[in-house]
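Text of the file entry23.txt, holding compact mmCIF, C-alpha atoms and all ligand atoms:
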# COMPACT_ATOMS: atom_id res chain seq x y z
CA MET A 619 90.94 141.31 138.55
CA LYS A 620 87.62 139.41 138.38
CA LYS A 621 84.48 140.52 140.24
CA ASP A 622 84.96 138.27 143.28
CA GLU A 623 88.75 138.73 143.48
CA GLN A 624 89.14 141.53 146.02
CA LYS A 625 92.31 143.22 147.21
CA LEU A 626 92.29 143.30 150.99
CA HIS A 627 94.26 146.26 152.38
CA ASN A 628 93.89 145.92 156.14
CA LEU A 629 93.86 142.49 157.78
CA LEU A 630 93.57 141.01 161.24
CA PHE A 631 95.17 137.63 161.97
CA VAL A 632 93.74 135.74 164.95
CA LEU A 633 96.51 133.34 165.90
CA ASN A 634 96.01 130.46 168.32
CA PRO A 635 99.47 129.62 169.73
CA ILE A 636 98.48 126.14 170.99
CA ALA A 637 96.38 124.90 168.06
CA GLY A 638 97.51 121.57 166.63
CA ASP A 639 100.54 121.61 168.95
CA ILE A 640 102.38 123.48 166.17
CA GLU A 641 105.04 126.12 166.86
CA LYS A 642 103.99 129.39 165.15
CA ASP A 643 106.82 131.92 165.66
CA ASP A 644 108.15 131.56 162.10
CA LEU A 645 104.64 132.04 160.85
CA LYS A 646 104.48 135.58 162.26
CA GLU A 647 107.56 136.42 160.21
CA ASP A 648 106.00 134.88 157.11
CA ILE A 649 102.83 136.92 157.59
CA GLN A 650 104.90 140.08 158.04
CA ALA A 651 106.94 139.37 154.89
CA ILE A 652 103.88 138.68 152.71
CA CYS A 653 101.95 141.70 153.98
CA GLN A 654 104.97 143.99 153.48
CA GLU A 655 105.54 142.67 149.97
CA HIS A 656 101.91 143.32 148.98
CA GLY A 657 101.46 146.63 150.82
CA ILE A 658 98.91 145.19 153.25
CA ARG A 659 98.47 146.66 156.74
CA TYR A 660 97.89 144.01 159.39
CA GLU A 661 97.57 143.28 163.08
CA ILE A 662 97.90 140.00 164.97
CA TYR A 663 95.64 139.07 167.87
CA THR A 664 97.08 136.11 169.80
CA THR A 665 94.39 134.09 171.57
CA THR A 666 94.73 133.27 175.26
CA GLY A 667 91.81 130.87 175.64
CA GLU A 668 90.19 133.39 178.07
CA ASN A 669 87.63 136.02 176.92
CA ASP A 670 88.90 135.88 173.32
CA ALA A 671 85.40 136.34 171.86
CA GLU A 672 84.75 139.47 173.97
CA ASN A 673 88.21 140.94 173.28
CA LEU A 674 87.94 140.29 169.55
CA LYS A 675 84.42 141.70 169.38
CA LYS A 676 85.76 144.92 170.90
CA GLN A 677 88.73 145.00 168.53
CA LEU A 678 86.49 144.41 165.49
CA GLY A 679 84.13 147.15 166.69
CA GLU A 680 86.93 149.68 167.06
CA ASN A 681 88.77 148.91 163.78
CA LYS A 682 87.75 148.44 160.19
CA TYR A 683 89.37 145.31 158.72
CA ASP A 684 88.88 144.13 155.13
CA GLY A 685 89.34 140.53 156.22
CA VAL A 686 90.13 138.44 159.30
CA PHE A 687 92.25 135.28 159.08
CA ALA A 688 91.85 132.56 161.68
CA VAL A 689 95.26 130.96 162.17
CA GLY A 690 94.63 127.70 164.02
CA GLY A 691 92.18 124.81 164.09
CA ASP A 692 88.42 124.52 163.91
CA GLY A 693 87.94 126.14 167.33
CA THR A 694 89.78 129.26 166.20
CA VAL A 695 87.86 129.30 162.91
CA SER A 696 84.60 129.01 164.79
CA LEU A 697 85.59 131.80 167.22
CA VAL A 698 86.40 134.20 164.38
CA GLY A 699 83.66 133.03 162.00
CA ALA A 700 80.92 133.53 164.59
CA LEU A 701 81.97 137.17 165.02
CA LEU A 702 81.98 137.81 161.24
CA ILE A 703 78.57 136.34 160.34
CA GLY A 704 76.37 139.01 158.81
CA THR A 705 79.08 141.70 158.95
CA GLY A 706 80.28 141.50 155.32
CA THR A 707 83.89 141.13 156.53
CA PRO A 708 85.33 137.93 155.03
CA LEU A 709 86.84 135.07 157.01
CA GLY A 710 90.16 133.63 155.90
CA ILE A 711 91.70 130.43 157.26
CA ILE A 712 95.33 129.41 157.67
CA PRO A 713 94.76 125.79 158.83
CA LEU A 714 97.03 124.93 161.74
CA GLY A 715 94.90 122.81 164.05
CA SER A 716 94.64 119.11 164.74
CA GLY A 717 91.92 118.50 162.18
CA ASN A 718 90.99 121.66 160.22
CA GLY A 719 87.60 120.36 159.08
CA LEU A 720 86.01 123.52 157.64
CA SER A 721 89.14 124.50 155.75
CA LYS A 722 89.17 121.07 154.05
CA ASP A 723 85.49 121.36 153.11
CA LEU A 724 86.29 124.77 151.59
CA ASP A 725 89.27 123.39 149.61
CA ILE A 726 91.69 125.70 151.40
CA PRO A 727 95.26 124.40 151.00
CA GLN A 728 96.44 122.44 154.04
CA ASP A 729 100.03 123.34 153.27
CA THR A 730 100.82 126.49 155.28
CA GLU A 731 102.91 128.17 152.59
CA GLU A 732 100.13 127.69 150.03
CA ALA A 733 97.44 128.84 152.47
CA LEU A 734 99.43 132.02 153.17
CA GLU A 735 99.11 132.88 149.44
CA LEU A 736 95.43 133.55 150.16
CA ILE A 737 96.48 136.78 151.87
CA HIS A 738 97.03 138.39 148.47
CA SER A 739 95.47 136.01 145.93
CA HIS A 740 91.91 134.82 146.47
CA VAL A 741 88.22 135.10 145.69
CA VAL A 742 85.54 136.02 148.23
CA ARG A 743 82.36 133.92 148.30
CA ASN A 744 79.25 133.64 150.52
CA ILE A 745 78.44 130.51 152.50
CA ASP A 746 75.48 129.54 154.69
CA THR A 747 75.61 129.38 158.45
CA ILE A 748 73.16 127.90 160.93
CA THR A 749 72.21 128.59 164.52
CA LEU A 750 71.42 126.12 167.30
CA ASN A 751 69.36 127.96 169.94
CA GLY A 752 70.86 131.16 168.55
CA MET A 753 74.48 129.90 168.76
CA PRO A 754 76.20 130.05 165.37
CA SER A 755 77.56 126.96 163.62
CA ILE A 756 79.45 127.09 160.35
CA HIS A 757 80.67 123.52 160.09
CA LEU A 758 79.32 120.48 162.00
CA SER A 759 77.63 120.20 165.38
CA ASP A 760 76.71 116.95 167.10
CA LEU A 761 74.80 115.38 169.93
CA GLY A 762 75.81 111.90 171.05
CA PHE A 763 78.93 109.83 170.64
CA ASN A 764 81.15 112.29 168.78
CA ALA A 765 80.11 115.12 171.12
CA LEU A 766 81.23 112.98 174.07
CA VAL A 767 84.61 112.38 172.40
CA VAL A 768 84.97 116.11 171.67
CA GLU A 769 84.18 116.90 175.33
CA ARG A 770 86.80 114.43 176.63
CA PHE A 771 89.34 115.73 174.06
CA CYS A 772 88.79 119.33 175.22
CA GLU A 773 89.17 118.29 178.89
CA GLY A 774 92.46 116.52 178.17
CA ASP A 775 95.99 117.95 178.12
CA THR A 776 97.11 116.51 174.81
CA ARG A 777 95.94 117.71 171.39
CA GLY A 778 96.46 116.27 167.93
CA PRO A 779 94.59 113.59 165.94
CA GLY A 780 96.19 110.70 167.90
CA SER A 781 94.54 111.74 171.19
CA TYR A 782 91.18 112.10 169.47
CA VAL A 783 91.30 108.55 168.06
CA TRP A 784 92.47 107.13 171.40
CA ILE A 785 89.57 108.78 173.29
CA ALA A 786 87.07 107.61 170.62
CA LEU A 787 88.21 104.00 171.03
CA GLN A 788 87.94 104.15 174.81
CA GLU A 789 84.47 105.74 174.82
CA TYR A 790 83.08 103.53 172.05
CA LEU A 791 83.23 100.36 174.15
CA GLY A 792 80.79 101.63 176.78
CA TYR A 793 78.62 104.05 174.78
CA GLU A 794 74.81 103.59 174.84
CA PRO A 795 72.65 105.32 172.15
CA LYS A 796 70.41 108.13 173.45
CA SER A 797 66.78 109.13 172.72
CA TYR A 798 65.86 112.01 170.42
CA LYS A 799 62.77 113.43 168.77
CA ILE A 800 63.43 115.53 165.68
CA GLU A 801 60.91 117.58 163.71
CA THR A 802 61.69 119.21 160.34
CA GLU A 803 59.66 120.41 157.35
CA ASN A 804 61.00 117.39 155.42
CA GLY A 805 60.39 114.54 157.85
CA ASN A 806 60.63 113.58 161.49
CA PHE A 807 62.53 111.07 163.62
CA GLU A 808 61.79 109.60 167.00
CA GLY A 809 63.95 106.97 168.67
CA LYS A 810 67.45 106.18 169.79
CA ALA A 811 70.55 107.28 167.90
CA PHE A 812 74.27 106.70 168.32
CA MET A 813 74.75 110.29 167.24
CA VAL A 814 72.91 113.20 165.62
CA THR A 815 74.90 115.62 163.49
CA VAL A 816 73.59 119.01 162.39
CA ALA A 817 75.63 119.48 159.24
CA ASN A 818 76.23 122.63 157.25
CA ALA A 819 79.36 121.07 155.72
CA ASN A 820 80.63 117.55 154.97
CA ALA A 821 83.51 116.12 156.97
CA TRP A 822 85.16 116.42 160.36
CA GLY A 823 88.81 117.35 160.53
CA SER A 824 89.67 113.64 160.71
CA ASN A 825 88.36 113.40 157.09
CA ALA A 826 85.44 111.19 158.19
CA SER A 827 82.55 112.41 156.07
CA ILE A 828 79.17 112.36 157.84
CA ASN A 829 77.35 114.36 155.13
CA PRO A 830 78.90 113.48 151.75
CA ASP A 831 76.42 115.51 149.63
CA GLY A 832 76.25 118.62 151.84
CA VAL A 833 76.76 121.92 150.02
CA LEU A 834 77.90 125.00 151.93
CA ASN A 835 75.82 127.53 149.99
CA ASP A 836 72.57 125.73 149.08
CA GLY A 837 70.39 127.33 151.77
CA ARG A 838 69.87 123.96 153.45
CA PHE A 839 71.47 121.92 156.21
CA GLU A 840 71.29 118.21 156.94
CA ILE A 841 70.38 116.29 160.09
CA CYS A 842 72.51 113.14 159.85
CA LEU A 843 71.59 110.31 162.20
CA ILE A 844 73.52 107.16 162.94
CA GLU A 845 71.00 104.78 164.44
CA PRO A 846 71.93 102.04 166.93
CA PHE A 847 73.99 99.32 165.27
CA PRO A 848 75.41 95.95 166.34
CA LYS A 849 79.10 95.99 167.32
CA ALA A 850 79.80 93.76 164.29
CA ALA A 851 78.71 96.62 161.98
CA SER A 852 81.10 99.20 163.44
CA LEU A 853 84.00 98.56 161.04
CA GLY A 854 81.66 98.81 158.06
CA ILE A 855 80.31 102.16 159.33
CA LEU A 856 83.84 103.43 159.89
CA TYR A 857 84.80 102.36 156.37
CA LYS A 858 81.80 104.21 154.89
CA LEU A 859 82.63 107.34 156.92
CA TYR A 860 86.12 107.37 155.44
CA THR A 861 85.03 106.61 151.86
CA ASP A 862 82.35 109.32 151.51
CA SER A 863 79.57 106.73 151.45
CA ILE A 864 77.94 106.87 154.90
CA ASP A 865 74.64 107.85 153.22
CA SER A 866 74.47 104.28 151.80
CA SER A 867 74.57 102.65 155.27
CA VAL A 868 71.38 100.99 156.53
CA TYR A 869 72.10 102.56 159.92
CA THR A 870 72.02 106.16 158.72
CA LYS A 871 69.24 108.60 157.99
CA ILE A 872 69.79 112.05 156.49
CA ILE A 873 67.08 114.73 156.54
CA GLN A 874 67.75 117.85 154.46
CA CYS A 875 65.89 120.91 155.74
CA ARG A 876 65.84 124.65 156.45
CA ARG A 877 64.76 124.48 160.07
CA ALA A 878 64.50 121.78 162.72
CA THR A 879 63.59 121.20 166.35
CA ILE A 880 65.61 118.57 168.20
CA TYR A 881 64.28 117.27 171.53
CA ASN A 882 67.34 115.98 173.37
CA LEU A 883 65.33 113.62 175.58
CA ASP A 884 68.30 112.18 177.55
CA GLN A 885 70.06 115.57 177.87
CA GLU A 886 72.98 114.17 175.91
CA VAL A 887 76.15 116.24 175.56
CA MET A 888 76.56 118.42 172.48
CA HIS A 889 79.17 120.49 170.73
CA ILE A 890 79.03 123.26 168.17
CA ASP A 891 81.82 123.26 165.59
CA GLY A 892 84.10 121.32 167.92
CA GLU A 893 83.50 123.34 171.10
CA PRO A 894 81.39 121.67 173.83
CA VAL A 895 78.31 123.67 174.88
CA GLU A 896 75.81 123.08 177.67
CA ALA A 897 73.32 120.36 176.70
CA ALA A 898 69.84 121.77 176.01
CA GLU A 899 66.53 119.85 176.21
CA LYS A 900 65.16 121.50 173.09
CA ILE A 901 67.31 122.80 170.26
CA GLU A 902 65.91 125.07 167.55
CA VAL A 903 68.06 124.89 164.41
CA GLU A 904 67.77 127.68 161.84
CA MET A 905 69.42 128.32 158.46
CA HIS A 906 71.00 131.68 157.62
CA ALA A 907 71.62 131.44 153.89
CA LYS A 908 74.80 133.02 152.48
CA SER A 909 75.41 134.92 155.71
CA LEU A 910 79.22 134.58 155.89
CA LYS A 911 81.84 135.73 153.39
CA VAL A 912 84.89 133.49 153.08
CA ILE A 913 88.29 133.95 151.44
CA LEU A 914 88.98 131.06 149.05
CA PRO A 915 91.64 130.04 146.53
CA ILE A 916 91.05 131.29 142.99
CA PRO A 917 89.37 128.38 141.16
CA ASP A 918 91.28 126.95 138.18
CA THR A 919 88.60 128.12 135.74
CA ASN A 920 89.16 131.76 136.83
CA GLN A 921 92.89 131.74 136.20
N1 LIG B 1 96.82 130.69 174.48
C1 LIG B 1 96.02 129.67 174.70
N2 LIG B 1 96.27 128.80 175.71
C2 LIG B 1 95.48 127.74 175.94
N3 LIG B 1 94.36 127.45 175.21
C3 LIG B 1 94.05 128.28 174.19
C4 LIG B 1 94.86 129.41 173.88
N4 LIG B 1 94.30 130.04 172.82
C5 LIG B 1 93.19 129.33 172.48
N5 LIG B 1 93.05 128.27 173.28
C6 LIG B 1 92.02 127.22 173.19
O1 LIG B 1 92.26 126.51 171.95
C7 LIG B 1 91.04 125.85 171.58
C8 LIG B 1 90.84 125.92 170.09
O2 LIG B 1 91.91 125.27 169.42
P1 LIG B 1 91.72 124.92 167.87
O3 LIG B 1 90.42 124.22 167.67
O4 LIG B 1 91.95 126.12 167.07
O5 LIG B 1 92.91 123.92 167.60
P2 LIG B 1 92.92 122.34 167.71
O6 LIG B 1 91.93 121.90 168.74
O7 LIG B 1 94.33 121.92 167.91
O8 LIG B 1 92.48 121.89 166.25
P3 LIG B 1 91.11 121.34 165.62
O9 LIG B 1 89.94 122.02 166.29
O10 LIG B 1 91.18 121.65 164.15
O11 LIG B 1 91.08 119.88 165.86
C9 LIG B 1 89.93 126.56 172.33
O12 LIG B 1 89.41 125.66 173.28
C10 LIG B 1 90.62 127.73 173.03
O13 LIG B 1 90.03 128.02 174.26
Target format structure tokens, applied to this file:
Amino acid sequence: MKKDEQKLHNLLFVLNPIAGDIEKDDLKEDIQAICQEHGIRYEIYTTTGENDAENLKKQLGENKYDGVFAVGGDGTVSLVGALLIGTGTPLGIIPLGSGNGLSKDLDIPQDTEEALELIHSHVVRNIDTITLNGMPSIHLSDLGFNALVVERFCEGDTRGPGSYVWIALQEYLGYEPKSYKIETENGNFEGKAFMVTVANANAWGSNASINPDGVLNDGRFEICLIEPFPKAASLGILYKLYTDSIDSSVYTKIIQCRRATIYNLDQEVMHIDGEPVEAAEKIEVEMHAKSLKVILPIPDTNQ
């Protein structure tokens, strides 16, 4: 076994029963079978959507787990990941949400059977995390258009990628860019933007890549701005988002930095890793390099 391949003996699975609108009863049996086969002790915490962070914090405080797997979408990953930052306990992901953005950026298999292999066969690596006014973000957080879509999606009754696209189309027609002032050690911005993304990673769960060159363990994050654009340019922007080339658009600006202050002058809505949070007037963004351990597939070169 190589240095970063660790056997995990005692695991917690945090399972979100509603994520991605996917039935998960068979999955519990699969987890049981794999853990039994490999002599791994395990517990399952099923989320309720109410006080999960508090309940899990208590459970993690009272038990010593070698790893915690988030079984669900980006919201579940963010819930679990936030509790594990700085603890040395690695985060695993079994992607079962509508989008599964962070798991894709980490090259975690999207096929459930393959992802379940990570329970017994994996490497553990460190990635960066960031905080926005002290609130942890592992993946992508936005102010502006996408944050509005995320808010409407979370308010709605239907999940899945189809609802997200439908809401985005409806909101796009009437959306007006908002005013921001952004200060970083590598450059500033003042003006209107369609959206501002604070990016630790690359792409949303939809596969639209807002930060094509972002690296999850380089000690830096990116502020990605889409500036106001004429309606005629929208298809071109969409095309670039889905072909990993948004950084070549004349309407984008990317600032790579280690800390930033964002003045949200119009009090625009925001979300952190897919979960809406109360809009703040001033947002202090800080980097926490290599602060979270993650469970990843064994790279080909290691095999
Ligand atoms: N038992 C439950 N009943 C209702 N809502 C729940 C329950 N458990 C968790 N939730 C809610 O599920 C949301 C997180 O879902 P998650 O992000 O994991 O899946 P998703 O939204 O389908 O996928 P993705 O974020 O990848 O697009 C949170 O808002 C949380 O409050």
Would you write out, as JSON lines, a table of all residues in range 725-838 of chain A that have an atom no more than 10 Å from an atom of range 860-882 of chain A, listing for each the closest atom pair and the distance in Å to one decimal, considering all atoms listed in the file and ordering rows by chain and rising residue number?
{"residue": "A:Ile748", "atom": "CA", "partner": "A:Arg877", "partner_atom": "CA", "distance": 9.1}
{"residue": "A:Thr749", "atom": "CA", "partner": "A:Arg877", "partner_atom": "CA", "distance": 9.6}
{"residue": "A:Leu750", "atom": "CA", "partner": "A:Thr879", "partner_atom": "CA", "distance": 9.3}
{"residue": "A:Asn751", "atom": "CA", "partner": "A:Thr879", "partner_atom": "CA", "distance": 9.6}
{"residue": "A:Leu761", "atom": "CA", "partner": "A:Asn882", "partner_atom": "CA", "distance": 8.2}
{"residue": "A:Gly762", "atom": "CA", "partner": "A:Asn882", "partner_atom": "CA", "distance": 9.7}
{"residue": "A:Lys796", "atom": "CA", "partner": "A:Asn882", "partner_atom": "CA", "distance": 8.4}
{"residue": "A:Ser797", "atom": "CA", "partner": "A:Asn882", "partner_atom": "CA", "distance": 6.9}
{"residue": "A:Tyr798", "atom": "CA", "partner": "A:Asn882", "partner_atom": "CA", "distance": 5.2}
{"residue": "A:Lys799", "atom": "CA", "partner": "A:Tyr881", "partner_atom": "CA", "distance": 5.0}
{"residue": "A:Ile800", "atom": "CA", "partner": "A:Ile880", "partner_atom": "CA", "distance": 4.5}
{"residue": "A:Glu801", "atom": "CA", "partner": "A:Thr879", "partner_atom": "CA", "distance": 5.2}
{"residue": "A:Thr802", "atom": "CA", "partner": "A:Ala878", "partner_atom": "CA", "distance": 4.5}
{"residue": "A:Glu803", "atom": "CA", "partner": "A:Cys875", "partner_atom": "CA", "distance": 6.5}
{"residue": "A:Asn804", "atom": "CA", "partner": "A:Cys875", "partner_atom": "CA", "distance": 6.0}
{"residue": "A:Gly805", "atom": "CA", "partner": "A:Ile873", "partner_atom": "CA", "distance": 6.8}
{"residue": "A:Asn806", "atom": "CA", "partner": "A:Ile873", "partner_atom": "CA", "distance": 8.2}
{"residue": "A:Phe807", "atom": "CA", "partner": "A:Lys871", "partner_atom": "CA", "distance": 9.1}
{"residue": "A:Glu808", "atom": "CA", "partner": "A:Tyr881", "partner_atom": "CA", "distance": 9.2}
{"residue": "A:Ala811", "atom": "CA", "partner": "A:Thr870", "partner_atom": "CA", "distance": 9.4}
{"residue": "A:Phe812", "atom": "CA", "partner": "A:Tyr869", "partner_atom": "CA", "distance": 9.6}
{"residue": "A:Met813", "atom": "CA", "partner": "A:Thr870", "partner_atom": "CA", "distance": 9.9}
{"residue": "A:Val814", "atom": "CA", "partner": "A:Ile880", "partner_atom": "CA", "distance": 9.4}
{"residue": "A:Thr815", "atom": "CA", "partner": "A:Ile872", "partner_atom": "CA", "distance": 9.4}
{"residue": "A:Val816", "atom": "CA", "partner": "A:Ala878", "partner_atom": "CA", "distance": 9.5}
{"residue": "A:Ala817", "atom": "CA", "partner": "A:Gln874", "partner_atom": "CA", "distance": 9.4}
{"residue": "A:Asn820", "atom": "CA", "partner": "A:Asp862", "partner_atom": "CA", "distance": 9.1}
{"residue": "A:Ala821", "atom": "CA", "partner": "A:Asp862", "partner_atom": "CA", "distance": 8.8}
{"residue": "A:Ser824", "atom": "CA", "partner": "A:Tyr860", "partner_atom": "CA", "distance": 8.9}
{"residue": "A:Asn825", "atom": "CA", "partner": "A:Tyr860", "partner_atom": "CA", "distance": 6.6}
{"residue": "A:Ala826", "atom": "CA", "partner": "A:Tyr860", "partner_atom": "CA", "distance": 4.8}
{"residue": "A:Ser827", "atom": "CA", "partner": "A:Asp862", "partner_atom": "CA", "distance": 5.5}
{"residue": "A:Ile828", "atom": "CA", "partner": "A:Ile864", "partner_atom": "CA", "distance": 6.3}
{"residue": "A:Asn829", "atom": "CA", "partner": "A:Asp865", "partner_atom": "CA", "distance": 7.3}
{"residue": "A:Pro830", "atom": "CA", "partner": "A:Asp862", "partner_atom": "CA", "distance": 5.4}
{"residue": "A:Asp831", "atom": "CA", "partner": "A:Asp865", "partner_atom": "CA", "distance": 8.6}
{"residue": "A:Gly832", "atom": "CA", "partner": "A:Gln874", "partner_atom": "CA", "distance": 8.9}
{"residue": "A:Gly837", "atom": "CA", "partner": "A:Arg876", "partner_atom": "CA", "distance": 7.1}
{"residue": "A:Arg838", "atom": "CA", "partner": "A:Arg876", "partner_atom": "CA", "distance": 5.1}
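Counting only C-alpha atoms, range 727-729 of chain A has the following residues at most 12 Å away, ignoring those fewer than 5 positions along the same chain: Val689, Gly690, Gly691, Gly710, Ile711, Ile712, Pro713, Leu714, Gly715, Ser716, Gly717, Asn718, Gly719, Leu720, Ser721, Lys722, Leu734, Glu735, Leu736, His740, Gly823, Ile913, Leu914, Pro915 and Ile916 of chain A.
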What residues have any atom no more than 10 Å from ligand LIG 1 (chain B) when counting only C-alpha atoms and all ligand atoms, and can you list them as a PyMOL selection string? chain A and resi 632-640+664-671+688-697+713-721+768+771-773+776-779+782+822-824+891-894
Those residues you just picked out, can you put them in a file as an mmCIF file, keeping the file's coordinate frame with C-alpha atoms?
data_model
loop_
_atom_site.group_PDB
_atom_site.id
_atom_site.type_symbol
_atom_site.label_atom_id
_atom_site.label_comp_id
_atom_site.auth_asym_id
_atom_site.auth_seq_id
_atom_site.Cartn_x
_atom_site.Cartn_y
_atom_site.Cartn_z
ATOM 1 C CA VAL A 632 93.740 135.740 164.950
ATOM 2 C CA LEU A 633 96.510 133.340 165.900
ATOM 3 C CA ASN A 634 96.010 130.460 168.320
ATOM 4 C CA PRO A 635 99.470 129.620 169.730
ATOM 5 C CA ILE A 636 98.480 126.140 170.990
ATOM 6 C CA ALA A 637 96.380 124.900 168.060
ATOM 7 C CA GLY A 638 97.510 121.570 166.630
ATOM 8 C CA ASP A 639 100.540 121.610 168.950
ATOM 9 C CA ILE A 640 102.380 123.480 166.170
ATOM 10 C CA THR A 664 97.080 136.110 169.800
ATOM 11 C CA THR A 665 94.390 134.090 171.570
ATOM 12 C CA THR A 666 94.730 133.270 175.260
ATOM 13 C CA GLY A 667 91.810 130.870 175.640
ATOM 14 C CA GLU A 668 90.190 133.390 178.070
ATOM 15 C CA ASN A 669 87.630 136.020 176.920
ATOM 16 C CA ASP A 670 88.900 135.880 173.320
ATOM 17 C CA ALA A 671 85.400 136.340 171.860
ATOM 18 C CA ALA A 688 91.850 132.560 161.680
ATOM 19 C CA VAL A 689 95.260 130.960 162.170
ATOM 20 C CA GLY A 690 94.630 127.700 164.020
ATOM 21 C CA GLY A 691 92.180 124.810 164.090
ATOM 22 C CA ASP A 692 88.420 124.520 163.910
ATOM 23 C CA GLY A 693 87.940 126.140 167.330
ATOM 24 C CA THR A 694 89.780 129.260 166.200
ATOM 25 C CA VAL A 695 87.860 129.300 162.910
ATOM 26 C CA SER A 696 84.600 129.010 164.790
ATOM 27 C CA LEU A 697 85.590 131.800 167.220
ATOM 28 C CA PRO A 713 94.760 125.790 158.830
ATOM 29 C CA LEU A 714 97.030 124.930 161.740
ATOM 30 C CA GLY A 715 94.900 122.810 164.050
ATOM 31 C CA SER A 716 94.640 119.110 164.740
ATOM 32 C CA GLY A 717 91.920 118.500 162.180
ATOM 33 C CA ASN A 718 90.990 121.660 160.220
ATOM 34 C CA GLY A 719 87.600 120.360 159.080
ATOM 35 C CA LEU A 720 86.010 123.520 157.640
ATOM 36 C CA SER A 721 89.140 124.500 155.750
ATOM 37 C CA VAL A 768 84.970 116.110 171.670
ATOM 38 C CA PHE A 771 89.340 115.730 174.060
ATOM 39 C CA CYS A 772 88.790 119.330 175.220
ATOM 40 C CA GLU A 773 89.170 118.290 178.890
ATOM 41 C CA THR A 776 97.110 116.510 174.810
ATOM 42 C CA ARG A 777 95.940 117.710 171.390
ATOM 43 C CA GLY A 778 96.460 116.270 167.930
ATOM 44 C CA PRO A 779 94.590 113.590 165.940
ATOM 45 C CA TYR A 782 91.180 112.100 169.470
ATOM 46 C CA TRP A 822 85.160 116.420 160.360
ATOM 47 C CA GLY A 823 88.810 117.350 160.530
ATOM 48 C CA SER A 824 89.670 113.640 160.710
ATOM 49 C CA ASP A 891 81.820 123.260 165.590
ATOM 50 C CA GLY A 892 84.100 121.320 167.920
ATOM 51 C CA GLU A 893 83.500 123.340 171.100
ATOM 52 C CA PRO A 894 81.390 121.670 173.830
#
Have a look at A:Ser739, A:Ser909, A:Asn835, A:Thr730 and name the one nearest to Gly704 in chain A; count only C-alpha atoms.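 Distance minimum relative to Gly704 in chain A lands on A:Ser909.
Between CA of Ala700 in chain A and CA of Glu899 in chain A lies a distance of 23.0 Å.
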Minimum-distance residue to Gln654 in chain A, chosen among A:His627, A:Lys900, A:Lys675, A:His906 (using only C-alpha atoms):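 For Gln654 in chain A, the nearest of the given residues is A:His627.
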For CA of Gly699 in chain A and CA of Leu834 in chain A, the interatomic separation in Å (one decimal):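 If I compute the distance from CA of Gly699 in chain A to CA of Leu834 in chain A, I get 14.1 Å.
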Enumerate, as an MDAnalysis selection string, the protein, DNA and RNA residues whose atoms approach (86.8, 142.7, 169.8) to within 12 Å, taking into account all atoms listed in the file and the coordinate frame of the file. chainID A and resid 630 632 663 665 669:683 686 697:698 701:702
Create the file for the chosen residues now, containing C-alpha atoms and written as a PDB file, keeping the file's coordinate frame.
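Contents of again_34.pdb, as written:
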ATOM      1  CA  LEU A 630      93.570 141.010 161.240  1.00  0.00           C
ATOM      2  CA  VAL A 632      93.740 135.740 164.950  1.00  0.00           C
ATOM      3  CA  TYR A 663      95.640 139.070 167.870  1.00  0.00           C
ATOM      4  CA  THR A 665      94.390 134.090 171.570  1.00  0.00           C
ATOM      5  CA  ASN A 669      87.630 136.020 176.920  1.00  0.00           C
ATOM      6  CA  ASP A 670      88.900 135.880 173.320  1.00  0.00           C
ATOM      7  CA  ALA A 671      85.400 136.340 171.860  1.00  0.00           C
ATOM      8  CA  GLU A 672      84.750 139.470 173.970  1.00  0.00           C
ATOM      9  CA  ASN A 673      88.210 140.940 173.280  1.00  0.00           C
ATOM     10  CA  LEU A 674      87.940 140.290 169.550  1.00  0.00           C
ATOM     11  CA  LYS A 675      84.420 141.700 169.380  1.00  0.00           C
ATOM     12  CA  LYS A 676      85.760 144.920 170.900  1.00  0.00           C
ATOM     13  CA  GLN A 677      88.730 145.000 168.530  1.00  0.00           C
ATOM     14  CA  LEU A 678      86.490 144.410 165.490  1.00  0.00           C
ATOM     15  CA  GLY A 679      84.130 147.150 166.690  1.00  0.00           C
ATOM     16  CA  GLU A 680      86.930 149.680 167.060  1.00  0.00           C
ATOM     17  CA  ASN A 681      88.770 148.910 163.780  1.00  0.00           C
ATOM     18  CA  LYS A 682      87.750 148.440 160.190  1.00  0.00           C
ATOM     19  CA  TYR A 683      89.370 145.310 158.720  1.00  0.00           C
ATOM     20  CA  VAL A 686      90.130 138.440 159.300  1.00  0.00           C
ATOM     21  CA  LEU A 697      85.590 131.800 167.220  1.00  0.00           C
ATOM     22  CA  VAL A 698      86.400 134.200 164.380  1.00  0.00           C
ATOM     23  CA  LEU A 701      81.970 137.170 165.020  1.00  0.00           C
ATOM     24  CA  LEU A 702      81.980 137.810 161.240  1.00  0.00           C
TER      25      LEU A 702
END
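Atom pair CA of Leu787 in chain A / CA of Phe847 in chain A has a distance of 16.0 Å (rounded to one decimal).
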Nearest residue to Ala819 in chain A out of A:Glu886, A:Lys849, A:Leu758, A:Glu661, using all atoms listed in the file? A:Leu758
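The shortest atom-to-atom distance to Glu902 in chain A, with all atoms listed in the file taken into account, belongs to A:Met753 out of A:Leu853, A:Val767, A:Leu859, A:Met753.
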